[in-house]
Amino acid sequence: MTIKTFIDRPILSAVISIIIVIIGIIGLTSLPIEQYPSIATPTVMVSAAYTGADAQTVQNSVIIPLEEAINGVENMIYMTSSSSNNGSASISVYFEQGTDPDMAAINVQNRVSQASGQLPADVTKGGVTVSKMQNSQVIIFNIYSSDDRFDELFLSNYMNINIVPQILRIDGVGGVDVLGSDYAIRIWLNPALMAQYELVPQDIANVLSEQNIESPTGNFGENSGNMFQYSMKYRGRFETPEEFGELVIRSLPDGEVLKLKDVADIELGAQSYTMTGTANGHPGCVCMVSQTANSNARDIAIQVEKLLEDLESNLPSGVKIGIVQNVRDFLDASIKNVLMTLFEAMLLWLSS
């Protein structure tokens with residue numbers, strides 16, 4: 001079939017043009033909308049944290065065992081890894097185009113489970129996360145205290161408790177990253193007092209693992225002939241700095257007991273002090289929302305915007321929400337240009 005065929009048979013040309021237009025309209029309304037097309041290979045992210053370790057220690061004790069276990073997983077092309085001095089470890093596994101992201105994540109998770117016995121206890125206790133998501137962010141927003149009444153730590157904690165869980169329930173959201181720190185009990189050891197009592201940090205860690213735990217206490221009255229059976233309860237995990245300060249480290253020769261508050265300063269502080277967040281010159285924290293593969297970025301952005309509007313009326317006094325970046329702006333502009341081009345093409349075709 002040559003160009004002359006279409007010239008000699010205008011009805012056939014018109015029918016083909018109409019079919020192409022109909023297929024384009026169907027595709028425009030049904031295909032998923034993303035900021036970038038899915039030309040990148042499916043990627044699975046493996047992340048872990050080794051608190052207190054430097055980058056070299058993380059590389060040797062976390063990255064290498066995980067890489068050896070993951071290497072060779074089905075349809076894998078290559079992988080990259082990174083570690084930092086704050087104890088975080090990250091491995092990106094790239095798969096062949098067309099690989100099912102769900103199956104890729106499952107296969108990687110199985111390989112990670114095989115390497116769990118080679119990882120440090122602190123890493124396995126914190127958990128190794130395996131997730132699949134797009135690299136681009138759908139929407140980035142922040143919350144800040146316009147009157148400086150609340151600090152960044154409070155706002156980050158508020159975000160994690162009241163906002164992030166609701167965003168994660170939106171269909172298509174692959175992950176939510178909050179750039180901020182959460183509350184934590186900080187125990188600042190006094191080196192001079194520790195040396196005086198011949199203590200090392202591991203001794204304090206052992207005390208915490210032995211006394212700050214939740215465990216079953218059993219019950220009594222089973223075989224006593226009484227009508228009732230009672231379950232025993234005790235205070236397990238502690239919550240306040242004062243309660244942690246009363247933990248007994250050891251007994252002294254004079255009959256006194258050495259408590260944690262005798263060798264350390266204990267306070268309710270931040271889990272990490274490596275980051276400070278501000279927004280519009282006020283204390284704040286940033287939240288980044290990413291999508292899963294083959295999801296509609298525009299729909300996700302619309303749902304997140306609606307959720308933030310509903311939540312804004314319930315925020316504490318002086319707390320504001322601001323959208324830093326929204327992929328919907330780019331997508332709406334692109335769709336508008338496509339529709340305008342299609343309209344102009346139809347006008348030119350009709351005029352001819």
# chains A, B, ... in the order shown; residues from 1 in each chain; ligands from 1
>>> select_by_dssp(residues="region 93-124 of chain A", states="alpha helix (DSSP H)", output="PyMOL selection string")
chain A and resi 101-114+121-124
>>> closest_atom_pairs(of="region 268-318 of chain A", to="region 180-192 of chain A", cutoff="10 Å", atoms="only C-alpha atoms", output="CSV")
residue,atom,partner,partner_atom,distance
A:Leu268,CA,A:Ile185,CA,4.7
A:Gly269,CA,A:Ala184,CA,5.5
A:Ala270,CA,A:Tyr183,CA,4.8
A:Gln271,CA,A:Ala184,CA,4.9
A:Ser272,CA,A:Ser181,CA,5.8
A:Tyr273,CA,A:Ser181,CA,7.5
A:Thr274,CA,A:Ser181,CA,8.7
A:Met275,CA,A:Gly180,CA,6.7
A:Thr276,CA,A:Gly180,CA,7.3
A:Gly277,CA,A:Gly180,CA,6.7
A:Gly284,CA,A:Gly180,CA,8.5
A:Cys285,CA,A:Gly180,CA,5.7
A:Val286,CA,A:Gly180,CA,7.2
A:Cys287,CA,A:Gly180,CA,8.6
>>> write_last_selection(atoms="N, CA and C atoms", output="compact mmCIF listing (two decimals), in the first residue's frame")
# COMPACT_ATOMS: atom_id res chain seq x y z
N LEU A 268 14.42 13.58 77.15
CA LEU A 268 13.60 13.28 75.99
C LEU A 268 14.04 14.21 74.87
N GLY A 269 14.74 13.66 73.89
CA GLY A 269 15.27 14.47 72.82
C GLY A 269 14.94 13.90 71.46
N ALA A 270 15.80 14.14 70.50
CA ALA A 270 15.59 13.69 69.13
C ALA A 270 16.33 12.38 68.88
N GLN A 271 15.78 11.57 67.99
CA GLN A 271 16.43 10.32 67.64
C GLN A 271 17.73 10.57 66.89
N SER A 272 17.79 11.66 66.15
CA SER A 272 18.99 12.02 65.41
C SER A 272 19.12 13.53 65.36
N TYR A 273 20.35 14.02 65.46
CA TYR A 273 20.61 15.45 65.40
C TYR A 273 21.37 15.83 64.14
N THR A 274 21.30 14.98 63.12
CA THR A 274 22.05 15.23 61.89
C THR A 274 21.31 16.14 60.92
N MET A 275 20.08 16.52 61.24
CA MET A 275 19.29 17.31 60.30
C MET A 275 18.50 18.38 61.06
N THR A 276 18.41 19.55 60.48
CA THR A 276 17.60 20.63 61.01
C THR A 276 16.68 21.14 59.91
N GLY A 277 15.38 21.20 60.19
CA GLY A 277 14.42 21.58 59.17
C GLY A 277 13.78 22.93 59.42
N GLY A 284 10.16 23.56 60.81
CA GLY A 284 9.27 22.72 60.02
C GLY A 284 9.95 21.45 59.57
N CYS A 285 9.21 20.61 58.89
CA CYS A 285 9.76 19.38 58.33
C CYS A 285 9.11 19.12 56.98
N VAL A 286 9.81 18.37 56.15
CA VAL A 286 9.39 18.13 54.77
C VAL A 286 8.98 16.68 54.61
N CYS A 287 7.95 16.47 53.80
CA CYS A 287 7.46 15.11 53.52
C CYS A 287 7.44 14.91 52.00
>>> select_by_dssp(residues="region 148-349 of chain A", states="strand (DSSP E)", output="VMD selection string")
chain A and resid 173 to 179 183 to 189 219 to 220 230 to 231 248 to 251 257 to 259 264 to 270 278 to 279 282 to 291 319 to 326
>>> atom_distance(atom1="CA of Val108 (chain A)", atom2="CA of Ser47 (chain A)")
11.9 Å
>>> closest_residue(among="A:Asp265, A:Glu305, A:Asp102, A:Glu96", to="Leu193 (chain A)", atoms="only C-alpha atoms")
A:Asp265
>>> closest_atom_pairs(of="region 261-318 of chain A", to="region 130-149 of chain A", cutoff="7 Å", atoms="only C-alpha atoms", output="Markdown table")
| residue | atom | partner | partner_atom | distance |
| --- | --- | --- | --- | --- |
| A:Ala279 | CA | A:Tyr144 | CA | 6.0 |
| A:His282 | CA | A:Ser145 | CA | 6.1 |
| A:Pro283 | CA | A:Tyr144 | CA | 5.6 |
| A:Gly284 | CA | A:Tyr144 | CA | 3.9 |
| A:Cys285 | CA | A:Asn142 | CA | 5.6 |
| A:Val286 | CA | A:Asn142 | CA | 4.3 |
| A:Cys287 | CA | A:Phe141 | CA | 5.5 |
| A:Met288 | CA | A:Ile140 | CA | 4.5 |
| A:Val289 | CA | A:Ile139 | CA | 5.5 |
| A:Ser290 | CA | A:Gln137 | CA | 4.6 |
| A:Gln291 | CA | A:Gln134 | CA | 5.8 |
| A:Thr292 | CA | A:Met133 | CA | 4.6 |
| A:Ala293 | CA | A:Met133 | CA | 6.1 |
| A:Ala297 | CA | A:Val138 | CA | 6.2 |
| A:Ala301 | CA | A:Ile139 | CA | 6.3 |
| A:Gly318 | CA | A:Ser146 | CA | 5.4 |
>>> atom_distance(atom1="CA of Lys336 (chain A)", atom2="CA of Gly172 (chain A)")
23.6 Å
>>> residues_around(residues="Glu214 (chain A)", least_positions_apart="5", cutoff="9 Å", atoms="only C-alpha atoms", output="PyMOL selection string")
chain A and resi 234-237
>>> atom_distance(atom1="CA of Gly245 (chain A)", atom2="CA of Asp262 (chain A)")
7.9 Å
